[in-house]
>>> print(open('start.tsv').read())   # TSV, N, CA and C atoms
chain	number	residue	atom	x	y	z
F	1	MET	N	2.16	-25.27	31.27
F	1	MET	CA	1.96	-25.11	29.85
F	1	MET	C	1.69	-23.63	29.55
F	2	THR	N	2.36	-23.09	28.57
F	2	THR	CA	2.19	-21.68	28.24
F	2	THR	C	1.01	-21.51	27.29
F	3	ALA	N	0.42	-20.34	27.38
F	3	ALA	CA	-0.70	-20.02	26.48
F	3	ALA	C	-0.16	-19.83	25.07
F	4	PRO	N	-0.96	-20.16	24.05
F	4	PRO	CA	-0.49	-19.97	22.68
F	4	PRO	C	-0.27	-18.48	22.40
F	5	ARG	N	0.76	-18.22	21.61
F	5	ARG	CA	1.10	-16.83	21.27
F	5	ARG	C	0.02	-16.23	20.40
F	6	ARG	N	-0.36	-15.02	20.74
F	6	ARG	CA	-1.33	-14.29	19.94
F	6	ARG	C	-0.64	-13.82	18.66
F	7	ARG	N	-1.33	-13.93	17.55
F	7	ARG	CA	-0.76	-13.51	16.27
F	7	ARG	C	-0.67	-11.98	16.23
F	8	LEU	N	0.50	-11.47	15.89
F	8	LEU	CA	0.73	-10.03	15.84
F	8	LEU	C	0.34	-9.47	14.48
F	9	SER	N	-0.13	-8.23	14.48
F	9	SER	CA	-0.39	-7.55	13.22
F	9	SER	C	0.97	-7.21	12.60
F	10	PRO	N	1.00	-6.90	11.31
F	10	PRO	CA	2.29	-6.52	10.70
F	10	PRO	C	2.97	-5.34	11.40
F	11	THR	N	2.19	-4.36	11.82
F	11	THR	CA	2.77	-3.21	12.53
F	11	THR	C	3.35	-3.62	13.86
F	12	GLN	N	2.62	-4.48	14.60
F	12	GLN	CA	3.12	-4.95	15.89
F	12	GLN	C	4.39	-5.78	15.71
F	13	GLU	N	4.42	-6.61	14.68
F	13	GLU	CA	5.60	-7.42	14.44
F	13	GLU	C	6.80	-6.55	14.09
F	14	LEU	N	6.59	-5.54	13.26
F	14	LEU	CA	7.67	-4.62	12.91
F	14	LEU	C	8.17	-3.90	14.15
F	15	THR	N	7.26	-3.43	14.99
F	15	THR	CA	7.65	-2.74	16.22
F	15	THR	C	8.46	-3.67	17.13
F	16	ALA	N	8.02	-4.91	17.26
F	16	ALA	CA	8.73	-5.87	18.10
F	16	ALA	C	10.14	-6.11	17.58
F	17	ARG	N	10.28	-6.25	16.26
F	17	ARG	CA	11.61	-6.47	15.68
F	17	ARG	C	12.51	-5.26	15.89
F	18	VAL	N	11.94	-4.06	15.72
F	18	VAL	CA	12.72	-2.84	15.91
F	18	VAL	C	13.19	-2.75	17.36
F	19	LEU	N	12.32	-3.07	18.30
F	19	LEU	CA	12.71	-3.02	19.71
F	19	LEU	C	13.82	-4.03	20.01
F	20	ARG	N	13.76	-5.22	19.38
F	20	ARG	CA	14.84	-6.20	19.57
F	20	ARG	C	16.16	-5.65	19.05
F	21	ILE	N	16.13	-4.99	17.90
F	21	ILE	CA	17.35	-4.42	17.32
F	21	ILE	C	17.91	-3.36	18.25
F	22	VAL	N	17.04	-2.50	18.78
F	22	VAL	CA	17.49	-1.42	19.67
F	22	VAL	C	18.06	-2.00	20.96
F	23	ARG	N	17.45	-3.08	21.49
F	23	ARG	CA	17.99	-3.71	22.71
F	23	ARG	C	19.36	-4.31	22.44
F	24	LEU	N	19.53	-4.93	21.27
F	24	LEU	CA	20.81	-5.56	20.96
F	24	LEU	C	21.89	-4.54	20.61
F	25	CYS	N	21.46	-3.43	20.05
F	25	CYS	CA	22.43	-2.43	19.58
F	25	CYS	C	21.90	-1.03	19.93
F	26	PRO	N	22.01	-0.62	21.20
F	26	PRO	CA	21.44	0.67	21.62
F	26	PRO	C	22.00	1.87	20.87
F	27	GLU	N	23.25	1.76	20.40
F	27	GLU	CA	23.83	2.90	19.68
F	27	GLU	C	23.16	3.14	18.33
F	28	ALA	N	22.38	2.18	17.83
F	28	ALA	CA	21.67	2.34	16.57
F	28	ALA	C	20.26	2.90	16.77
F	29	ALA	N	19.88	3.17	18.00
F	29	ALA	CA	18.51	3.59	18.30
F	29	ALA	C	18.10	4.84	17.52
F	30	GLY	N	18.98	5.82	17.42
F	30	GLY	CA	18.65	7.06	16.70
F	30	GLY	C	18.33	6.80	15.24
F	31	GLU	N	19.19	6.02	14.58
F	31	GLU	CA	18.98	5.73	13.17
F	31	GLU	C	17.72	4.89	12.97
F	32	VAL	N	17.47	3.93	13.86
F	32	VAL	CA	16.30	3.07	13.73
F	32	VAL	C	15.02	3.91	13.90
F	33	LEU	N	15.01	4.80	14.89
F	33	LEU	CA	13.83	5.64	15.10
F	33	LEU	C	13.61	6.58	13.92
F	34	GLU	N	14.69	7.09	13.34
F	34	GLU	CA	14.56	7.95	12.17
F	34	GLU	C	13.96	7.18	11.00
F	35	LEU	N	14.42	5.94	10.80
F	35	LEU	CA	13.84	5.11	9.74
F	35	LEU	C	12.37	4.83	9.98
F	36	MET	N	12.01	4.57	11.24
F	36	MET	CA	10.60	4.33	11.57
F	36	MET	C	9.76	5.56	11.25
F	37	PHE	N	10.30	6.74	11.54
F	37	PHE	CA	9.60	7.98	11.24
F	37	PHE	C	9.38	8.12	9.73
F	38	LEU	N	10.42	7.84	8.94
F	38	LEU	CA	10.29	7.93	7.49
F	38	LEU	C	9.29	6.91	6.95
F	39	VAL	N	9.32	5.70	7.50
F	39	VAL	CA	8.35	4.68	7.08
F	39	VAL	C	6.94	5.16	7.38
F	40	GLY	N	6.75	5.78	8.54
F	40	GLY	CA	5.43	6.31	8.90
F	40	GLY	C	4.97	7.38	7.93
F	41	GLN	N	5.88	8.26	7.52
F	41	GLN	CA	5.53	9.30	6.55
F	41	GLN	C	5.14	8.69	5.21
F	42	ILE	N	5.92	7.72	4.76
F	42	ILE	CA	5.64	7.07	3.48
F	42	ILE	C	4.30	6.34	3.56
F	43	GLU	N	4.06	5.62	4.66
F	43	GLU	CA	2.81	4.90	4.81
F	43	GLU	C	1.63	5.86	4.79
F	44	ALA	N	1.76	7.00	5.45
F	44	ALA	CA	0.67	7.98	5.47
F	44	ALA	C	0.40	8.52	4.08
F	45	LEU	N	1.45	8.79	3.31
F	45	LEU	CA	1.25	9.31	1.97
F	45	LEU	C	0.58	8.31	1.06
F	46	VAL	N	0.91	7.05	1.23
F	46	VAL	CA	0.36	6.02	0.36
F	46	VAL	C	-1.09	5.71	0.73
F	47	THR	N	-1.43	5.78	2.01
F	47	THR	CA	-2.76	5.38	2.42
F	47	THR	C	-3.80	6.47	2.23
F	48	VAL	N	-3.43	7.72	2.14
F	48	VAL	CA	-4.40	8.78	1.89
F	48	VAL	C	-4.75	8.73	0.41
F	49	ASP	N	-6.02	8.50	0.14
F	49	ASP	CA	-6.45	8.25	-1.25
F	49	ASP	C	-7.68	9.09	-1.56
F	50	ARG	N	-7.47	10.39	-1.63
F	50	ARG	CA	-8.60	11.29	-1.85
F	50	ARG	C	-9.28	11.10	-3.20
F	51	ASP	N	-8.57	10.59	-4.18
F	51	ASP	CA	-9.14	10.42	-5.53
F	51	ASP	C	-9.68	9.01	-5.75
F	52	TYR	N	-9.76	8.21	-4.70
F	52	TYR	CA	-10.24	6.83	-4.80
F	52	TYR	C	-9.42	6.01	-5.80
F	53	ARG	N	-8.14	6.31	-5.93
F	53	ARG	CA	-7.31	5.54	-6.86
F	53	ARG	C	-7.24	4.08	-6.45
F	54	ASP	N	-7.12	3.82	-5.15
F	54	ASP	CA	-7.07	2.43	-4.70
F	54	ASP	C	-8.38	1.72	-4.99
F	55	ALA	N	-9.50	2.40	-4.76
F	55	ALA	CA	-10.80	1.79	-5.03
F	55	ALA	C	-10.95	1.50	-6.52
F	56	ARG	N	-10.49	2.41	-7.35
F	56	ARG	CA	-10.55	2.19	-8.80
F	56	ARG	C	-9.74	0.96	-9.19
F	57	ARG	N	-8.56	0.84	-8.59
F	57	ARG	CA	-7.68	-0.30	-8.87
F	57	ARG	C	-8.32	-1.60	-8.40
F	58	VAL	N	-8.94	-1.56	-7.21
F	58	VAL	CA	-9.58	-2.76	-6.66
F	58	VAL	C	-10.74	-3.19	-7.55
F	59	VAL	N	-11.56	-2.24	-7.98
F	59	VAL	CA	-12.69	-2.57	-8.86
F	59	VAL	C	-12.16	-3.19	-10.15
F	60	SER	N	-11.12	-2.60	-10.70
F	60	SER	CA	-10.54	-3.14	-11.93
F	60	SER	C	-10.00	-4.55	-11.73
F	61	ARG	N	-9.33	-4.80	-10.59
F	61	ARG	CA	-8.79	-6.14	-10.31
F	61	ARG	C	-9.91	-7.15	-10.10
F	62	LEU	N	-10.99	-6.74	-9.43
F	62	LEU	CA	-12.12	-7.65	-9.22
F	62	LEU	C	-12.79	-8.02	-10.55
F	63	ARG	N	-12.82	-7.07	-11.45
F	63	ARG	CA	-13.42	-7.35	-12.76
F	63	ARG	C	-12.53	-8.21	-13.65
F	64	ASP	N	-11.24	-8.14	-13.41
F	64	ASP	CA	-10.29	-8.90	-14.23
F	64	ASP	C	-9.30	-9.61	-13.32
F	65	PRO	N	-9.76	-10.66	-12.60
F	65	PRO	CA	-8.88	-11.33	-11.65
F	65	PRO	C	-7.72	-12.03	-12.35
F	66	ALA	N	-6.66	-12.23	-11.59
F	66	ALA	CA	-5.45	-12.84	-12.13
F	66	ALA	C	-5.51	-14.37	-12.09
F	67	TRP	N	-6.65	-14.93	-11.81
F	67	TRP	CA	-6.80	-16.38	-11.71
F	67	TRP	C	-8.13	-16.80	-12.31
F	68	GLU	N	-8.27	-18.08	-12.61
F	68	GLU	CA	-9.51	-18.63	-13.18
F	68	GLU	C	-10.54	-18.83	-12.08
F	69	LEU	N	-11.79	-18.53	-12.38
F	69	LEU	CA	-12.87	-18.66	-11.41
F	69	LEU	C	-14.05	-19.41	-11.99
F	70	ALA	N	-14.81	-20.02	-11.11
F	70	ALA	CA	-16.07	-20.62	-11.51
F	70	ALA	C	-17.06	-19.49	-11.78
F	71	PRO	N	-18.09	-19.72	-12.58
F	71	PRO	CA	-19.06	-18.65	-12.89
F	71	PRO	C	-19.68	-18.01	-11.65
F	72	ALA	N	-20.00	-18.81	-10.63
F	72	ALA	CA	-20.60	-18.25	-9.41
F	72	ALA	C	-19.61	-17.34	-8.68
F	73	GLU	N	-18.34	-17.75	-8.62
F	73	GLU	CA	-17.31	-16.92	-7.97
F	73	GLU	C	-17.12	-15.63	-8.74
F	74	ARG	N	-17.12	-15.74	-10.05
F	74	ARG	CA	-16.96	-14.55	-10.91
F	74	ARG	C	-18.10	-13.56	-10.68
F	75	ARG	N	-19.33	-14.06	-10.57
F	75	ARG	CA	-20.48	-13.19	-10.30
F	75	ARG	C	-20.31	-12.47	-8.96
F	76	LEU	N	-19.82	-13.17	-7.96
F	76	LEU	CA	-19.60	-12.55	-6.65
F	76	LEU	C	-18.57	-11.42	-6.73
F	77	LEU	N	-17.50	-11.66	-7.46
F	77	LEU	CA	-16.48	-10.61	-7.61
F	77	LEU	C	-17.05	-9.40	-8.35
F	78	LEU	N	-17.84	-9.64	-9.38
F	78	LEU	CA	-18.43	-8.53	-10.13
F	78	LEU	C	-19.42	-7.75	-9.26
F	79	GLN	N	-20.17	-8.46	-8.41
F	79	GLN	CA	-21.09	-7.77	-7.49
F	79	GLN	C	-20.29	-6.92	-6.50
F	80	ALA	N	-19.19	-7.46	-6.00
F	80	ALA	CA	-18.34	-6.69	-5.07
F	80	ALA	C	-17.78	-5.46	-5.77
F	81	ALA	N	-17.33	-5.61	-7.01
F	81	ALA	CA	-16.78	-4.48	-7.76
F	81	ALA	C	-17.84	-3.40	-7.94
F	82	ASP	N	-19.06	-3.81	-8.28
F	82	ASP	CA	-20.14	-2.83	-8.46
F	82	ASP	C	-20.49	-2.14	-7.15
F	83	ALA	N	-20.47	-2.89	-6.05
F	83	ALA	CA	-20.77	-2.30	-4.74
F	83	ALA	C	-19.72	-1.26	-4.36
F	84	ILE	N	-18.45	-1.56	-4.59
F	84	ILE	CA	-17.38	-0.61	-4.27
F	84	ILE	C	-17.49	0.63	-5.16
F	85	ARG	N	-17.74	0.41	-6.46
F	85	ARG	CA	-17.88	1.54	-7.39
F	85	ARG	C	-19.02	2.45	-6.95
F	86	ALA	N	-20.16	1.86	-6.59
F	86	ALA	CA	-21.32	2.65	-6.16
F	86	ALA	C	-21.05	3.37	-4.84
F	87	ALA	N	-20.41	2.68	-3.89
F	87	ALA	CA	-20.13	3.28	-2.58
F	87	ALA	C	-19.20	4.49	-2.70
F	88	CYS	N	-18.27	4.43	-3.66
F	88	CYS	CA	-17.32	5.53	-3.85
F	88	CYS	C	-17.84	6.58	-4.81
F	89	GLY	N	-18.99	6.33	-5.42
F	89	GLY	CA	-19.55	7.29	-6.37
F	89	GLY	C	-18.74	7.42	-7.63
F	90	LEU	N	-18.14	6.32	-8.06
F	90	LEU	CA	-17.30	6.34	-9.26
F	90	LEU	C	-18.14	6.07	-10.50
F	91	ASP	N	-17.87	6.81	-11.56
F	91	ASP	CA	-18.51	6.54	-12.85
F	91	ASP	C	-17.79	5.39	-13.52
F	92	GLU	N	-18.45	4.78	-14.46
F	92	GLU	CA	-17.84	3.67	-15.19
F	92	GLU	C	-16.56	4.11	-15.90
F	93	ALA	N	-16.56	5.36	-16.39
F	93	ALA	CA	-15.37	5.88	-17.09
F	93	ALA	C	-14.19	6.07	-16.15
F	94	ASP	N	-14.43	6.12	-14.82
F	94	ASP	CA	-13.35	6.30	-13.85
F	94	ASP	C	-12.53	5.03	-13.63
F	95	ILE	N	-13.08	3.89	-13.99
F	95	ILE	CA	-12.44	2.61	-13.71
F	95	ILE	C	-11.42	2.30	-14.80
F	96	PRO	N	-10.15	2.10	-14.44
F	96	PRO	CA	-9.14	1.77	-15.45
F	96	PRO	C	-9.36	0.37	-16.01
F	97	PRO	N	-9.01	0.14	-17.26
F	97	PRO	CA	-9.20	-1.19	-17.85
F	97	PRO	C	-8.37	-2.27	-17.18
F	98	SER	N	-7.25	-1.88	-16.57
F	98	SER	CA	-6.45	-2.83	-15.79
F	98	SER	C	-5.97	-2.10	-14.54
F	99	PRO	N	-5.67	-2.84	-13.46
F	99	PRO	CA	-5.27	-2.18	-12.21
F	99	PRO	C	-4.04	-1.29	-12.31
F	100	THR	N	-3.17	-1.57	-13.27
F	100	THR	CA	-1.94	-0.78	-13.39
F	100	THR	C	-2.02	0.21	-14.55
F	101	ALA	N	-3.22	0.51	-15.02
F	101	ALA	CA	-3.38	1.38	-16.19
F	101	ALA	C	-3.17	2.85	-15.88
F	102	ASP	N	-3.09	3.23	-14.60
F	102	ASP	CA	-2.84	4.63	-14.26
F	102	ASP	C	-1.41	4.99	-14.64
F	103	ILE	N	-1.25	5.56	-15.81
F	103	ILE	CA	0.08	5.88	-16.33
F	103	ILE	C	0.80	6.89	-15.43
F	104	ASP	N	0.06	7.85	-14.89
F	104	ASP	CA	0.68	8.92	-14.11
F	104	ASP	C	0.88	8.54	-12.64
F	105	GLU	N	0.58	7.32	-12.25
F	105	GLU	CA	0.65	6.93	-10.85
F	105	GLU	C	2.05	7.09	-10.27
F	106	ARG	N	3.06	6.62	-10.98
F	106	ARG	CA	4.42	6.72	-10.45
F	106	ARG	C	4.84	8.18	-10.27
F	107	ALA	N	4.51	9.02	-11.24
F	107	ALA	CA	4.87	10.44	-11.14
F	107	ALA	C	4.15	11.09	-9.96
F	108	ARG	N	2.88	10.74	-9.74
F	108	ARG	CA	2.12	11.29	-8.62
F	108	ARG	C	2.75	10.89	-7.29
F	109	VAL	N	3.09	9.59	-7.16
F	109	VAL	CA	3.71	9.10	-5.93
F	109	VAL	C	5.06	9.78	-5.72
F	110	GLU	N	5.86	9.88	-6.78
F	110	GLU	CA	7.19	10.49	-6.64
F	110	GLU	C	7.09	11.95	-6.23
F	111	ASN	N	6.15	12.68	-6.81
F	111	ASN	CA	5.98	14.09	-6.44
F	111	ASN	C	5.58	14.24	-4.98
F	112	ARG	N	4.63	13.41	-4.53
F	112	ARG	CA	4.18	13.49	-3.13
F	112	ARG	C	5.31	13.11	-2.17
F	113	LEU	N	6.08	12.07	-2.51
F	113	LEU	CA	7.19	11.67	-1.66
F	113	LEU	C	8.29	12.74	-1.64
F	114	ALA	N	8.56	13.32	-2.80
F	114	ALA	CA	9.58	14.37	-2.87
F	114	ALA	C	9.19	15.57	-2.01
F	115	GLU	N	7.90	15.92	-2.03
F	115	GLU	CA	7.41	17.02	-1.19
F	115	GLU	C	7.62	16.70	0.29
F	116	ALA	N	7.19	15.50	0.68
F	116	ALA	CA	7.23	15.13	2.09
F	116	ALA	C	8.64	14.91	2.61
F	117	LEU	N	9.52	14.43	1.75
F	117	LEU	CA	10.86	14.06	2.20
F	117	LEU	C	11.94	15.04	1.74
F	118	SER	N	11.53	16.20	1.23
F	118	SER	CA	12.54	17.16	0.79
F	118	SER	C	13.42	17.54	1.97
F	119	GLY	N	14.69	17.54	1.74
F	119	GLY	CA	15.64	17.84	2.80
F	119	GLY	C	16.03	16.62	3.62
F	120	GLU	N	15.22	15.58	3.56
F	120	GLU	CA	15.49	14.35	4.31
F	120	GLU	C	16.28	13.35	3.46
F	121	LEU	N	15.88	13.23	2.18
F	121	LEU	CA	16.50	12.26	1.28
F	121	LEU	C	16.95	12.95	0.02
F	122	SER	N	17.96	12.39	-0.63
F	122	SER	CA	18.42	12.92	-1.91
F	122	SER	C	17.43	12.49	-3.00
F	123	ALA	N	17.55	13.09	-4.18
F	123	ALA	CA	16.67	12.75	-5.29
F	123	ALA	C	16.80	11.27	-5.66
F	124	ALA	N	18.02	10.74	-5.60
F	124	ALA	CA	18.23	9.32	-5.92
F	124	ALA	C	17.54	8.43	-4.90
F	125	GLN	N	17.59	8.82	-3.62
F	125	GLN	CA	16.93	8.03	-2.58
F	125	GLN	C	15.41	8.08	-2.74
F	126	VAL	N	14.88	9.27	-3.07
F	126	VAL	CA	13.43	9.40	-3.29
F	126	VAL	C	13.02	8.52	-4.47
F	127	ALA	N	13.83	8.49	-5.52
F	127	ALA	CA	13.52	7.65	-6.68
F	127	ALA	C	13.49	6.17	-6.31
F	128	ARG	N	14.42	5.73	-5.45
F	128	ARG	CA	14.43	4.33	-5.01
F	128	ARG	C	13.20	4.01	-4.17
F	129	VAL	N	12.86	4.93	-3.26
F	129	VAL	CA	11.66	4.72	-2.43
F	129	VAL	C	10.43	4.71	-3.32
F	130	THR	N	10.37	5.60	-4.30
F	130	THR	CA	9.24	5.64	-5.22
F	130	THR	C	9.10	4.32	-5.97
F	131	GLY	N	10.21	3.76	-6.41
F	131	GLY	CA	10.16	2.48	-7.10
F	131	GLY	C	9.57	1.39	-6.22
F	132	ALA	N	9.97	1.38	-4.95
F	132	ALA	CA	9.44	0.37	-4.02
F	132	ALA	C	7.95	0.57	-3.78
F	133	VAL	N	7.55	1.83	-3.59
F	133	VAL	CA	6.13	2.13	-3.36
F	133	VAL	C	5.31	1.78	-4.59
F	134	ALA	N	5.79	2.15	-5.78
F	134	ALA	CA	5.07	1.85	-7.02
F	134	ALA	C	4.92	0.35	-7.22
F	135	ALA	N	5.95	-0.42	-6.88
F	135	ALA	CA	5.87	-1.88	-7.01
F	135	ALA	C	4.79	-2.45	-6.08
F	136	VAL	N	4.70	-1.91	-4.88
F	136	VAL	CA	3.66	-2.38	-3.94
F	136	VAL	C	2.29	-2.01	-4.46
F	137	LEU	N	2.13	-0.80	-5.00
F	137	LEU	CA	0.84	-0.36	-5.51
F	137	LEU	C	0.36	-1.20	-6.69
F	138	GLN	N	1.28	-1.76	-7.46
F	138	GLN	CA	0.90	-2.54	-8.64
F	138	GLN	C	0.54	-3.96	-8.32
F	139	ARG	N	0.74	-4.41	-7.09
F	139	ARG	CA	0.40	-5.78	-6.73
F	139	ARG	C	-1.07	-5.98	-6.66
>>> encode(input="start.tsv", output="structure tokens")
Amino acid sequence: MTAPRRRLSPTQELTARVLRIVRLCPEAAGEVLELMFLVGQIEALVTVDRDYRDARRVVSRLRDPAWELAPAERRLLLQAADAIRAACGLDEADIPPSPTADIDERARVENRLAEALSGELSAAQVARVTGAVAAVLQR
């Protein structure tokens, strides 16, 4: 009897799939590795959050959840939102009224991606990547 398979993290699963592709089609290895490098750059740009934009969005989402809650659950979410706000040193005025209220978010992401990927991708490709990143950020 075999041991149950350990659940892979999303990064491990992506790596495993990429390795399968490279084994099946070794001539695509260069392109696959280049794509992995670009994904790594994009992931790094999105995860660096010096302005606590993600924390602001999380606090806003906790205060205005997309689903109905019992009063006790709602209190827990509000306590979590206040704890995150305090831990990040955010003022009440820093919190957007809705998680997607940052109007300049798409422009900020596009500028950062254009800087990082200049010479690597065309303007149209950067715009497509920006659209995908912005859609993920709004979830």
>>> closest_residue(input="start.tsv", among="F:Asn111, F:Ser60, F:Gln125, F:Ser118", to="Ile95 (chain F)", atoms="only N, CA and C atoms")
F:Ser60
>>> residues_around(input="start.tsv", residues="Leu19 (chain F)", least_positions_apart="4", cutoff="12 Å", atoms="only C-alpha atoms", output="PDB file with N, CA and C atoms, keeping the file's coordinate frame")
ATOM      1  N   GLN F  12       2.620  -4.480  14.600  1.00  0.00           N
ATOM      2  CA  GLN F  12       3.120  -4.950  15.890  1.00  0.00           C
ATOM      3  C   GLN F  12       4.390  -5.780  15.710  1.00  0.00           C
ATOM      4  N   GLU F  13       4.420  -6.610  14.680  1.00  0.00           N
ATOM      5  CA  GLU F  13       5.600  -7.420  14.440  1.00  0.00           C
ATOM      6  C   GLU F  13       6.800  -6.550  14.090  1.00  0.00           C
ATOM      7  N   LEU F  14       6.590  -5.540  13.260  1.00  0.00           N
ATOM      8  CA  LEU F  14       7.670  -4.620  12.910  1.00  0.00           C
ATOM      9  C   LEU F  14       8.170  -3.900  14.150  1.00  0.00           C
ATOM     10  N   THR F  15       7.260  -3.430  14.990  1.00  0.00           N
ATOM     11  CA  THR F  15       7.650  -2.740  16.220  1.00  0.00           C
ATOM     12  C   THR F  15       8.460  -3.670  17.130  1.00  0.00           C
ATOM     13  N   ARG F  23      17.450  -3.080  21.490  1.00  0.00           N
ATOM     14  CA  ARG F  23      17.990  -3.710  22.710  1.00  0.00           C
ATOM     15  C   ARG F  23      19.360  -4.310  22.440  1.00  0.00           C
ATOM     16  N   LEU F  24      19.530  -4.930  21.270  1.00  0.00           N
ATOM     17  CA  LEU F  24      20.810  -5.560  20.960  1.00  0.00           C
ATOM     18  C   LEU F  24      21.890  -4.540  20.610  1.00  0.00           C
ATOM     19  N   CYS F  25      21.460  -3.430  20.050  1.00  0.00           N
ATOM     20  CA  CYS F  25      22.430  -2.430  19.580  1.00  0.00           C
ATOM     21  C   CYS F  25      21.900  -1.030  19.930  1.00  0.00           C
ATOM     22  N   PRO F  26      22.010  -0.620  21.200  1.00  0.00           N
ATOM     23  CA  PRO F  26      21.440   0.670  21.620  1.00  0.00           C
ATOM     24  C   PRO F  26      22.000   1.870  20.870  1.00  0.00           C
ATOM     25  N   ALA F  28      22.380   2.180  17.830  1.00  0.00           N
ATOM     26  CA  ALA F  28      21.670   2.340  16.570  1.00  0.00           C
ATOM     27  C   ALA F  28      20.260   2.900  16.770  1.00  0.00           C
ATOM     28  N   ALA F  29      19.880   3.170  18.000  1.00  0.00           N
ATOM     29  CA  ALA F  29      18.510   3.590  18.300  1.00  0.00           C
ATOM     30  C   ALA F  29      18.100   4.840  17.520  1.00  0.00           C
ATOM     31  N   VAL F  32      17.470   3.930  13.860  1.00  0.00           N
ATOM     32  CA  VAL F  32      16.300   3.070  13.730  1.00  0.00           C
ATOM     33  C   VAL F  32      15.020   3.910  13.900  1.00  0.00           C
ATOM     34  N   LEU F  33      15.010   4.800  14.890  1.00  0.00           N
ATOM     35  CA  LEU F  33      13.830   5.640  15.100  1.00  0.00           C
ATOM     36  C   LEU F  33      13.610   6.580  13.920  1.00  0.00           C
ATOM     37  N   MET F  36      12.010   4.570  11.240  1.00  0.00           N
ATOM     38  CA  MET F  36      10.600   4.330  11.570  1.00  0.00           C
ATOM     39  C   MET F  36       9.760   5.560  11.250  1.00  0.00           C
TER      40      MET F  36
END
>>> closest_residue(input="start.tsv", among="F:Arg75, F:Glu120, F:Pro65, F:Leu113", to="Glu34 (chain F)", atoms="only C-alpha atoms")
F:Glu120
>>> closest_residue(input="start.tsv", among="F:Leu62, F:Ala107, F:Ala55, F:Ala70", to="Arg85 (chain F)", atoms="only N, CA and C atoms")
F:Ala55
>>> atom_distance(input="start.tsv", atom1="CA of Cys88 (chain F)", atom2="CA of Trp67 (chain F)")
25.5 Å
>>> atom_distance(input="start.tsv", atom1="CA of Arg20 (chain F)", atom2="CA of Phe37 (chain F)")
17.3 Å
>>> closest_residue(input="start.tsv", among="F:Ala72, F:Ala134, F:Arg63, F:Arg56", to="Pro96 (chain F)", atoms="only N, CA and C atoms")
F:Arg56
>>> atom_distance(input="start.tsv", atom1="atom N of Ala81 (chain F)", atom2="atom C of Val109 (chain F)")
27.2 Å
